[in-house]
file work-v2.txt (compact mmCIF, C-alpha atoms (C1' of nucleotides))
# COMPACT_ATOMS: atom_id res chain seq x y z
CA MET G 1 14.92 -8.09 -5.22
CA ARG G 2 12.35 -9.75 -3.00
CA ARG G 3 8.90 -10.19 -4.44
CA MET G 4 6.61 -7.39 -3.37
CA ASP G 5 3.19 -8.09 -1.94
CA THR G 6 0.04 -6.61 -3.44
CA PHE G 7 -0.41 -3.88 -0.85
CA THR G 8 3.12 -2.62 -1.20
CA ALA G 9 2.85 -2.78 -4.96
CA ILE G 10 -0.12 -0.41 -4.96
CA SER G 11 1.38 1.88 -2.34
CA ASP G 12 3.24 3.73 -5.07
CA PRO G 13 1.23 6.49 -6.82
CA THR G 14 2.89 5.94 -10.19
CA ARG G 15 2.05 2.26 -10.13
CA ARG G 16 -1.54 3.01 -9.21
CA GLN G 17 -1.75 5.41 -12.15
CA VAL G 18 -0.31 2.75 -14.43
CA LEU G 19 -3.05 0.39 -13.34
CA ASP G 20 -5.59 3.12 -13.96
CA LEU G 21 -4.29 3.58 -17.48
CA LEU G 22 -4.37 -0.14 -18.09
CA SER G 23 -7.91 -0.38 -16.80
CA ARG G 24 -8.95 1.48 -19.97
CA HIS G 25 -7.01 -0.69 -22.38
CA GLU G 26 -3.73 -2.53 -22.73
CA ARG G 27 -0.61 -0.58 -23.71
CA PRO G 28 3.01 -1.28 -24.62
CA ALA G 29 5.66 -0.45 -22.01
CA GLY G 30 6.97 2.49 -24.00
CA GLU G 31 3.61 4.18 -24.13
CA LEU G 32 3.24 3.77 -20.37
CA GLY G 33 6.68 5.23 -19.92
CA ARG G 34 5.86 8.24 -22.06
CA ALA G 35 2.78 8.87 -19.94
CA PHE G 36 5.11 9.64 -17.00
CA PRO G 37 7.77 12.06 -18.20
CA SER G 38 9.24 12.32 -14.71
CA VAL G 39 10.12 8.63 -14.71
CA SER G 40 13.06 7.25 -16.69
CA GLN G 41 12.64 4.31 -19.01
CA PRO G 42 14.37 1.86 -16.65
CA GLY G 43 12.32 3.32 -13.83
CA MET G 44 9.08 2.48 -15.54
CA SER G 45 10.43 -0.91 -16.48
CA ARG G 46 11.02 -1.61 -12.80
CA HIS G 47 7.54 -0.44 -11.82
CA LEU G 48 6.16 -2.77 -14.44
CA ARG G 49 8.20 -5.60 -13.05
CA VAL G 50 6.80 -4.98 -9.59
CA LEU G 51 3.27 -4.99 -10.95
CA ARG G 52 4.03 -8.12 -12.93
CA GLU G 53 5.45 -9.97 -9.93
CA ALA G 54 2.53 -8.90 -7.78
CA GLY G 55 0.22 -10.43 -10.36
CA LEU G 56 -1.45 -7.12 -11.15
CA VAL G 57 -0.56 -7.00 -14.83
CA ARG G 58 0.16 -9.43 -17.64
CA VAL G 59 2.55 -9.07 -20.54
CA ARG G 60 2.24 -10.23 -24.10
CA LYS G 61 4.90 -9.92 -26.76
CA GLN G 62 3.86 -8.30 -29.98
CA ASP G 63 6.73 -7.92 -32.42
CA ARG G 64 9.26 -5.91 -30.44
CA ARG G 65 6.75 -4.43 -28.00
CA ARG G 66 5.78 -5.76 -24.61
CA VAL G 67 2.09 -5.10 -24.32
CA TYR G 68 0.92 -4.81 -20.72
CA SER G 69 -2.64 -5.45 -19.65
CA LEU G 70 -4.47 -5.25 -16.35
CA HIS G 71 -4.84 -8.49 -14.42
CA TRP G 72 -7.56 -7.37 -12.04
CA GLU G 73 -7.61 -10.71 -10.19
CA GLY G 74 -4.36 -9.61 -8.61
CA LEU G 75 -6.30 -7.00 -6.67
CA ALA G 76 -8.26 -9.70 -4.87
CA PRO G 77 -6.27 -9.42 -1.62
CA VAL G 78 -6.97 -5.71 -1.41
CA GLU G 79 -10.58 -6.16 -2.35
CA ALA G 80 -10.97 -8.91 0.23
CA TRP G 81 -9.36 -6.87 2.96
CA ILE G 82 -11.26 -3.68 2.38
CA ALA G 83 -14.54 -5.50 1.93
CA LYS G 84 -14.55 -6.00 5.68
CA TYR G 85 -14.88 -2.25 6.06
CA ARG G 86 -17.54 -1.76 3.47
CA GLY G 87 -20.16 -2.33 6.13
CA PHE G 88 -19.07 0.90 7.78
CA TRP G 89 -19.73 2.82 4.61
CA GLU G 90 -23.09 1.24 4.08
CA ALA G 91 -24.08 1.94 7.66
CA GLU G 92 -23.01 5.53 7.22
CA LEU G 93 -24.83 5.85 3.90
CA ASP G 94 -27.91 4.52 5.58
CA SER G 95 -27.72 7.06 8.34
CA LEU G 96 -26.93 9.77 5.82
CA GLU G 97 -30.01 8.84 3.85
CA ALA G 98 -32.00 8.75 7.03
CA PHE G 99 -30.71 12.20 7.84
CA LEU G 100 -31.53 13.59 4.40
CA ASP G 101 -34.91 11.96 4.66
CA SER G 102 -35.51 13.71 7.98
CA PRO G 103 -34.95 17.45 7.76
CA THR G 104 -37.75 17.74 10.28
CA LYS G 105 -38.99 15.57 13.08
CA PRO G 106 -40.13 12.18 11.76
CA SER G 107 -43.67 12.78 12.97
CA GLU G 108 -43.87 15.90 10.80
CA ARG G 109 -42.92 14.31 7.49
CA PRO G 110 -44.84 11.89 5.23
CA LYS G 111 -43.46 8.36 4.86
CA ARG G 112 -42.74 8.50 1.12
CA PRO G 113 -42.95 12.02 -0.35
CA ARG G 114 -43.86 12.42 -4.05
CA THR G 115 -44.07 8.71 -4.88
CA PRO G 116 -47.59 8.10 -6.28
CA PRO G 117 -48.89 4.48 -6.39
CA MET P 1 9.30 11.31 9.92
CA ARG P 2 7.32 12.39 6.89
CA ARG P 3 3.58 11.94 7.05
CA MET P 4 2.57 8.70 5.45
CA ASP P 5 -0.25 8.53 2.94
CA THR P 6 -3.15 6.13 3.32
CA PHE P 7 -1.88 3.53 0.86
CA THR P 8 1.53 3.35 2.46
CA ALA P 9 -0.05 3.21 5.90
CA ILE P 10 -2.02 0.09 5.02
CA SER P 11 0.89 -1.53 3.19
CA ASP P 12 2.17 -2.90 6.48
CA PRO P 13 0.58 -6.21 7.61
CA THR P 14 0.78 -5.35 11.29
CA ARG P 15 -1.03 -2.08 10.75
CA ARG P 16 -3.72 -3.82 8.73
CA GLN P 17 -4.20 -6.29 11.57
CA VAL P 18 -4.43 -3.43 14.04
CA LEU P 19 -7.21 -1.92 11.98
CA ASP P 20 -8.91 -5.30 11.85
CA LEU P 21 -8.80 -5.52 15.63
CA LEU P 22 -10.15 -2.01 15.97
CA SER P 23 -12.95 -2.75 13.56
CA ARG P 24 -14.43 -4.95 16.29
CA HIS P 25 -14.12 -2.42 19.08
CA GLU P 26 -11.82 0.26 20.43
CA ARG P 27 -8.80 -0.72 22.48
CA PRO P 28 -6.07 0.96 24.50
CA ALA P 29 -2.58 1.05 23.01
CA GLY P 30 -1.23 -1.46 25.49
CA GLU P 31 -3.80 -4.06 24.58
CA LEU P 32 -2.99 -3.60 20.91
CA GLY P 33 0.69 -4.01 21.71
CA ARG P 34 0.10 -7.22 23.62
CA ALA P 35 -1.79 -8.59 20.62
CA PHE P 36 1.49 -8.53 18.69
CA PRO P 37 4.19 -10.13 20.83
CA SER P 38 6.73 -9.81 18.03
CA VAL P 39 6.48 -6.01 18.15
CA SER P 40 8.01 -3.98 20.95
CA GLN P 41 6.03 -1.33 22.80
CA PRO P 42 7.71 1.58 21.00
CA GLY P 43 7.24 -0.30 17.75
CA MET P 44 3.51 -0.51 18.24
CA SER P 45 3.43 3.11 19.34
CA ARG P 46 4.99 4.08 16.04
CA HIS P 47 2.54 2.00 14.04
CA LEU P 48 -0.24 3.74 15.91
CA ARG P 49 1.26 7.09 15.10
CA VAL P 50 1.34 6.24 11.41
CA LEU P 51 -2.30 5.16 11.52
CA ARG P 52 -3.17 8.30 13.45
CA GLU P 53 -1.43 10.61 10.99
CA ALA P 54 -3.03 8.84 8.07
CA GLY P 55 -6.41 9.50 9.64
CA LEU P 56 -7.22 5.83 10.01
CA VAL P 57 -7.61 5.81 13.77
CA ARG P 58 -8.62 8.22 16.51
CA VAL P 59 -7.34 8.45 20.07
CA ARG P 60 -9.16 9.30 23.24
CA LYS P 61 -7.57 9.68 26.64
CA GLN P 62 -9.11 7.71 29.41
CA ASP P 63 -7.21 8.16 32.67
CA ARG P 64 -3.72 7.03 31.74
CA ARG P 65 -4.76 4.93 28.77
CA ARG P 66 -4.87 6.05 25.15
CA VAL P 67 -7.88 4.36 23.68
CA TYR P 68 -7.64 3.89 19.93
CA SER P 69 -10.66 3.50 17.70
CA LEU P 70 -11.13 2.91 14.00
CA HIS P 71 -11.77 5.98 11.88
CA TRP P 72 -13.08 4.23 8.78
CA GLU P 73 -13.50 7.48 6.84
CA GLY P 74 -9.73 7.48 6.51
CA LEU P 75 -10.04 4.50 4.20
CA ALA P 76 -11.98 6.58 1.69
CA PRO P 77 -9.00 7.08 -0.68
CA VAL P 78 -8.47 3.33 -0.91
CA GLU P 79 -12.15 2.66 -1.25
CA ALA P 80 -12.44 5.28 -3.97
CA TRP P 81 -9.47 3.96 -5.88
CA ILE P 82 -10.42 0.32 -5.81
CA ALA P 83 -14.05 1.08 -6.58
CA LYS P 84 -12.93 1.75 -10.15
CA TYR P 85 -11.97 -1.90 -10.43
CA ARG P 86 -15.07 -3.30 -8.87
CA GLY P 87 -16.70 -3.39 -12.30
CA PHE P 88 -14.20 -6.02 -13.33
CA TRP P 89 -15.29 -8.25 -10.50
CA GLU P 90 -18.92 -7.82 -11.31
CA ALA P 91 -18.32 -8.53 -14.99
CA GLU P 92 -16.42 -11.65 -14.05
CA LEU P 93 -19.10 -12.78 -11.66
CA ASP P 94 -21.55 -12.39 -14.49
CA SER P 95 -19.47 -14.50 -16.82
CA LEU P 96 -18.88 -17.01 -14.06
CA GLU P 97 -22.60 -17.30 -13.57
CA ALA P 98 -23.03 -17.63 -17.30
CA PHE P 99 -20.42 -20.38 -17.29
CA LEU P 100 -22.07 -22.25 -14.45
CA ASP P 101 -25.33 -21.88 -16.32
CA SER P 102 -23.72 -23.45 -19.39
CA PRO P 103 -22.16 -26.85 -18.68
CA THR P 104 -22.70 -27.71 -22.35
CA LYS P 105 -22.29 -25.92 -25.62
CA PRO P 106 -24.60 -22.91 -25.95
CA SER P 107 -26.30 -24.44 -28.98
CA GLU P 108 -27.18 -27.50 -26.93
CA ARG P 109 -28.86 -25.67 -24.09
CA PRO P 110 -32.12 -23.73 -23.93
CA LYS P 111 -31.94 -19.95 -23.52
CA ARG P 112 -33.47 -19.85 -20.04
CA PRO P 113 -33.57 -23.28 -18.48
CA ARG P 114 -36.28 -23.91 -15.87
CA THR P 115 -37.78 -20.40 -15.95
CA PRO P 116 -41.41 -20.79 -17.01
CA PRO P 117 -43.28 -17.66 -18.28
C1' DC W 1 6.29 15.25 46.11
C1' DA W 2 8.03 10.60 45.06
C1' DC W 3 6.38 6.35 42.71
C1' DT W 4 4.30 3.67 39.28
C1' DA W 5 1.86 2.66 35.01
C1' DA W 6 0.94 3.67 30.24
C1' DT W 7 2.46 5.56 26.23
C1' DA W 8 5.24 8.43 23.31
C1' DT W 9 9.61 10.18 21.37
C1' DA W 10 14.78 10.05 20.34
C1' DA W 11 18.53 8.04 18.41
C1' DC W 12 20.41 4.67 15.70
C1' DG W 13 21.18 0.51 12.68
C1' DA W 14 19.43 -2.88 9.44
C1' DA W 15 16.52 -3.86 5.75
C1' DT W 16 13.72 -2.40 1.86
C1' DT W 17 12.58 0.51 -1.74
C1' DA W 18 13.36 4.12 -5.32
C1' DT W 19 15.73 6.01 -9.08
C1' DG W 20 19.29 7.28 -12.27
C1' DT W 21 23.24 5.94 -15.61
C1' DA W 22 25.22 2.51 -18.14
C1' DT W 23 24.76 -1.89 -20.30
C1' DA W 24 22.58 -6.09 -21.99
C1' DT W 25 19.00 -8.64 -24.53
C1' DA W 26 15.71 -9.34 -27.99
C1' DT W 27 13.34 -8.44 -32.28
C1' DT W 28 12.89 -6.45 -36.75
C1' DG W 29 14.59 -4.40 -41.04
C1' DT W 30 18.39 -3.73 -44.47
C1' DA R 1 25.75 -9.87 -40.18
C1' DC R 2 24.70 -5.07 -38.88
C1' DA R 3 22.00 -1.23 -37.40
C1' DA R 4 17.91 0.45 -35.05
C1' DT R 5 14.16 0.08 -31.80
C1' DA R 6 12.00 -1.49 -27.56
C1' DT R 7 12.58 -3.12 -23.17
C1' DA R 8 14.97 -5.24 -19.36
C1' DT R 9 18.79 -5.81 -16.04
C1' DA R 10 23.14 -4.32 -13.27
C1' DC R 11 25.08 -1.40 -10.38
C1' DA R 12 25.54 2.41 -7.37
C1' DT R 13 23.28 5.40 -4.27
C1' DA R 14 19.79 8.03 -1.90
C1' DA R 15 15.66 7.88 0.63
C1' DT R 16 12.20 5.36 3.52
C1' DT R 17 10.76 2.27 6.65
C1' DC R 18 11.02 -0.89 10.60
C1' DG R 19 12.57 -2.37 14.70
C1' DT R 20 15.37 -1.94 19.03
C1' DT R 21 17.14 0.30 23.33
C1' DA R 22 17.14 4.21 26.12
C1' DT R 23 14.71 8.18 27.68
C1' DA R 24 10.90 11.44 28.17
C1' DT R 25 6.11 12.61 29.05
C1' DT R 26 1.66 12.25 31.10
C1' DA R 27 -1.67 10.92 34.46
C1' DG R 28 -2.98 8.68 38.50
C1' DT R 29 -1.69 7.05 43.63
C1' DG R 30 0.14 7.08 48.34
call {"tool": "encode", "arguments": {"input": "work-v2.txt", "output": "C-alpha cells"}}
result
Amino acid sequence: MRRMDTFTAISDPTRRQVLDLLSRHERPAGELGRAFPSVSQPGMSRHLRVLREAGLVRVRKQDRRRVYSLHWEGLAPVEAWIAKYRGFWEAELDSLEAFLDSPTKPSERPKRPRTPP
Amino acid sequence: MRRMDTFTAISDPTRRQVLDLLSRHERPAGELGRAFPSVSQPGMSRHLRVLREAGLVRVRKQDRRRVYSLHWEGLAPVEAWIAKYRGFWEAELDSLEAFLDSPTKPSERPKRPRTPP
DNA sequence: CACTAATATAACGAATTATGTATATATTGT
DNA sequence: ACAATATATACATAATTCGTTATATTAGTG
C-alpha cells in the first residue's frame, strides 16, 4: 500500500477518534480496538498502520503489547495549512465582538461600560 | 455521488490549492481551471462541486460566469478538531523557549538571566 | 432563433481506500 | 518445545474517488 499523506490519514473519522483518545494518554492497540466495537481487530491494526506511516502516532513495545502514543508533530502540515485561514476567524471574531459591543448606535453607548479605573 | 464531508473534501491537494487561491479573492470557475493545467475542465468542475457541497465555497452567477468565493465558515469542523491539539504546540513552544533559554545545565544558570527587578 | 462561451453533468475506467476472514509473527508462561 | 495472548500481514472484495471524453445546460450575442 502506498504511504498515505497526513490529510488523507485524518480524513477517516475512526482515525480521528483514535487520535483523540491518544491525546489523553497512550494506549495499547487492543484497548484502542475495543473502543471501536464496529471495527475488527485487523481493521484497527490497519488504521494504526496508516497513522504510524503518516507520522501521527508512535509505537513502543511493552511485553507483548504495542503501546501507541500521539505524535502531535505529525499534525504540522494540517496546522500549517489551516493557519492561513485563522485570520478569517479572528476577523470575524473581531466583528462579532464589535457587534456585541454595539447593540445601539456607537454614539449612544459609553466606550468601556462597567470597567472602573 | 455521496456528499463529501469537510475532512475528505480537503484531503485532495488540488482542492486545498483551490481554497488557497480563493482565500486571496474570488474567481470564476474557468480561471480556477486554467490555474491547474493538469486538470480538465470537467475535473475542476467536479472539485468545485465537492467544495460547494462541503460548504467550503460559495457561487455567484455573473453573466455567464460562475464566480466562486471562499466560505471559510465551512472549515469550522477542521478548525474545531485541530484546536484540541493546539495545546501540544504551545506546550512544545514553551519547552523550546525553555531550552533556548538554557544552553547550559540548569544548575549552572541563573533563574532569570538579564531581567533586573 | 442560431451561435458561441462558460460551466455542469453523465458515463465509464483506473486507481485508491476500506474492511472482513484467514493466517502469520512475536512474546510470555508452563 | 508448546500453548496462549496480542498484534500484524495477506488476500479477496466492495466501495470511493479521480480523471477523461462526450453531452447537456445556461446565459449572452447577432
call {"tool": "interface_residues", "arguments": {"input": "work-v2.txt", "of": "chain W", "to": "chain P", "cutoff": "12 Å", "atoms": "all atoms listed in the file", "output": "VMD selection string"}}
result
chain W and resid 4 to 10
call {"tool": "atom_distance", "arguments": {"input": "work-v2.txt", "atom1": "C1' of DA8 (chain R)", "atom2": "CA of Gly33 (chain G)"}}
result
13.4 Å
call {"tool": "closest_atom_pairs", "arguments": {"input": "work-v2.txt", "of": "chain R", "to": "chain P", "cutoff": "8 Å", "atoms": "all atoms listed in the file", "output": "tab-separated table"}}
result
residue	atom	partner	partner_atom	distance
R:DG19	C1'	P:Gly43	CA	6.5
R:DT20	C1'	P:Ser40	CA	7.9
R:DT26	C1'	P:Arg64	CA	7.5
R:DA27	C1'	P:Arg64	CA	5.2
R:DG28	C1'	P:Arg64	CA	7.0
call {"tool": "calpha_fit_and_write", "arguments": {"input": "work-v2.txt", "fixed": "chain P", "moving": "chain G", "output": "CSV table (one decimal) with C-alpha atoms, keeping the file's coordinate frame"}}
result
chain,number,residue,atom,x,y,z
G,1,MET,CA,9.1,11.9,10.7
G,2,ARG,CA,7.2,12.9,7.6
G,3,ARG,CA,3.5,12.2,7.5
G,4,MET,CA,2.8,8.9,5.8
G,5,ASP,CA,0.2,8.7,3.1
G,6,THR,CA,-2.7,6.3,3.3
G,7,PHE,CA,-1.3,3.7,0.9
G,8,THR,CA,2.0,3.5,2.6
G,9,ALA,CA,0.3,3.3,6.0
G,10,ILE,CA,-1.6,0.2,4.9
G,11,SER,CA,1.4,-1.4,3.2
G,12,ASP,CA,2.5,-2.8,6.6
G,13,PRO,CA,0.9,-6.1,7.5
G,14,THR,CA,0.8,-5.4,11.2
G,15,ARG,CA,-1.0,-2.1,10.7
G,16,ARG,CA,-3.5,-3.8,8.4
G,17,GLN,CA,-4.1,-6.3,11.2
G,18,VAL,CA,-4.6,-3.5,13.7
G,19,LEU,CA,-7.2,-2.0,11.5
G,20,ASP,CA,-8.9,-5.4,11.2
G,21,LEU,CA,-9.0,-5.7,15.0
G,22,LEU,CA,-10.4,-2.2,15.3
G,23,SER,CA,-13.0,-2.9,12.7
G,24,ARG,CA,-14.6,-5.2,15.3
G,25,HIS,CA,-14.5,-2.8,18.2
G,26,GLU,CA,-12.4,-0.1,19.7
G,27,ARG,CA,-9.4,-1.1,21.9
G,28,PRO,CA,-6.8,0.5,24.2
G,29,ALA,CA,-3.3,0.7,22.9
G,30,GLY,CA,-2.0,-1.9,25.3
G,31,GLU,CA,-4.5,-4.5,24.2
G,32,LEU,CA,-3.5,-3.9,20.6
G,33,GLY,CA,0.1,-4.3,21.6
G,34,ARG,CA,-0.5,-7.5,23.4
G,35,ALA,CA,-2.2,-8.9,20.3
G,36,PHE,CA,1.2,-8.7,18.6
G,37,PRO,CA,3.8,-10.3,20.8
G,38,SER,CA,6.5,-9.9,18.2
G,39,VAL,CA,6.2,-6.1,18.4
G,40,SER,CA,7.5,-4.1,21.3
G,41,GLN,CA,5.4,-1.6,23.1
G,42,PRO,CA,7.1,1.4,21.5
G,43,GLY,CA,6.8,-0.4,18.2
G,44,MET,CA,3.1,-0.6,18.4
G,45,SER,CA,2.9,2.9,19.6
G,46,ARG,CA,4.7,4.0,16.5
G,47,HIS,CA,2.4,2.0,14.2
G,48,LEU,CA,-0.6,3.6,16.0
G,49,ARG,CA,0.9,7.0,15.4
G,50,VAL,CA,1.2,6.2,11.7
G,51,LEU,CA,-2.4,5.1,11.5
G,52,ARG,CA,-3.4,8.2,13.5
G,53,GLU,CA,-1.5,10.6,11.2
G,54,ALA,CA,-2.9,8.9,8.1
G,55,GLY,CA,-6.4,9.5,9.5
G,56,LEU,CA,-7.2,5.8,9.7
G,57,VAL,CA,-7.8,5.7,13.5
G,58,ARG,CA,-9.0,8.0,16.2
G,59,VAL,CA,-8.0,8.1,19.8
G,60,ARG,CA,-10.0,8.9,22.9
G,61,LYS,CA,-8.6,9.2,26.4
G,62,GLN,CA,-10.3,7.1,29.1
G,63,ASP,CA,-8.6,7.4,32.4
G,64,ARG,CA,-5.0,6.4,31.7
G,65,ARG,CA,-5.8,4.4,28.6
G,66,ARG,CA,-5.7,5.6,25.0
G,67,VAL,CA,-8.7,3.9,23.3
G,68,TYR,CA,-8.2,3.6,19.6
G,69,SER,CA,-11.1,3.2,17.2
G,70,LEU,CA,-11.3,2.7,13.4
G,71,HIS,CA,-11.8,5.9,11.3
G,72,TRP,CA,-12.9,4.2,8.1
G,73,GLU,CA,-13.3,7.5,6.2
G,74,GLY,CA,-9.5,7.5,6.1
G,75,LEU,CA,-9.6,4.6,3.7
G,76,ALA,CA,-11.4,6.7,1.2
G,77,PRO,CA,-8.4,7.2,-1.0
G,78,VAL,CA,-7.8,3.5,-1.3
G,79,GLU,CA,-11.4,2.8,-1.9
G,80,ALA,CA,-11.6,5.5,-4.5
G,81,TRP,CA,-8.5,4.2,-6.3
G,82,ILE,CA,-9.4,0.6,-6.4
G,83,ALA,CA,-13.0,1.4,-7.3
G,84,LYS,CA,-11.7,2.1,-10.8
G,85,TYR,CA,-10.7,-1.6,-11.1
G,86,ARG,CA,-13.9,-3.0,-9.7
G,87,GLY,CA,-15.3,-3.0,-13.2
G,88,PHE,CA,-12.8,-5.7,-14.2
G,89,TRP,CA,-14.0,-7.9,-11.4
G,90,GLU,CA,-17.6,-7.4,-12.3
G,91,ALA,CA,-16.9,-8.1,-16.0
G,92,GLU,CA,-15.1,-11.3,-15.0
G,93,LEU,CA,-17.9,-12.3,-12.6
G,94,ASP,CA,-20.3,-11.8,-15.4
G,95,SER,CA,-18.3,-14.0,-17.8
G,96,LEU,CA,-17.8,-16.5,-15.0
G,97,GLU,CA,-21.5,-16.7,-14.5
G,98,ALA,CA,-22.0,-17.0,-18.2
G,99,PHE,CA,-19.6,-19.8,-18.2
G,100,LEU,CA,-21.2,-21.6,-15.3
G,101,ASP,CA,-24.5,-21.0,-17.0
G,102,SER,CA,-23.3,-22.6,-20.2
G,103,PRO,CA,-21.8,-26.1,-19.5
G,104,THR,CA,-23.1,-27.0,-23.0
G,105,LYS,CA,-23.7,-25.1,-26.1
G,106,PRO,CA,-26.3,-22.3,-25.5
G,107,SER,CA,-28.7,-23.8,-28.0
G,108,GLU,CA,-28.8,-27.0,-25.9
G,109,ARG,CA,-29.7,-25.4,-22.6
G,110,PRO,CA,-33.0,-23.8,-21.4
G,111,LYS,CA,-33.0,-20.1,-20.7
G,112,ARG,CA,-33.8,-20.3,-17.0
G,113,PRO,CA,-33.5,-23.8,-15.5
G,114,ARG,CA,-35.6,-24.7,-12.5
G,115,THR,CA,-37.2,-21.3,-12.0
G,116,PRO,CA,-41.0,-21.8,-12.1
G,117,PRO,CA,-43.3,-18.8,-12.7
call {"tool": "residues_around", "arguments": {"input": "work-v2.txt", "residues": "DA24 (chain W)", "least_positions_apart": "5", "cutoff": "12 Å", "atoms": "only C-alpha atoms (C1' of nucleotides)", "output": "list in words"}}
result
DT7, DA8, DT9 and DA10 of chain R
call {"tool": "interface_residues", "arguments": {"input": "work-v2.txt", "of": "chain P", "to": "chain G", "cutoff": "8 Å", "atoms": "all atoms listed in the file", "output": "list in words"}}
result
Phe7, Thr8, Ile10, Ser11, Asp12, Ser23, Trp72, Glu79, Ile82, Tyr85, Phe88 and Trp89 of chain P
call {"tool": "atom_distance", "arguments": {"input": "work-v2.txt", "atom1": "CA of Pro77 (chain G)", "atom2": "CA of Leu21 (chain P)"}}
result
17.9 Å
call {"tool": "closest_residue", "arguments": {"input": "work-v2.txt", "among": "G:Gly74, G:Thr14, G:Gly87, G:Asp101", "to": "Pro37 (chain G)", "atoms": "all atoms listed in the file"}}
result
G:Thr14
call {"tool": "atom_distance", "arguments": {"input": "work-v2.txt", "atom1": "C1' of DT17 (chain R)", "atom2": "CA of Val50 (chain G)"}}
result
18.2 Å
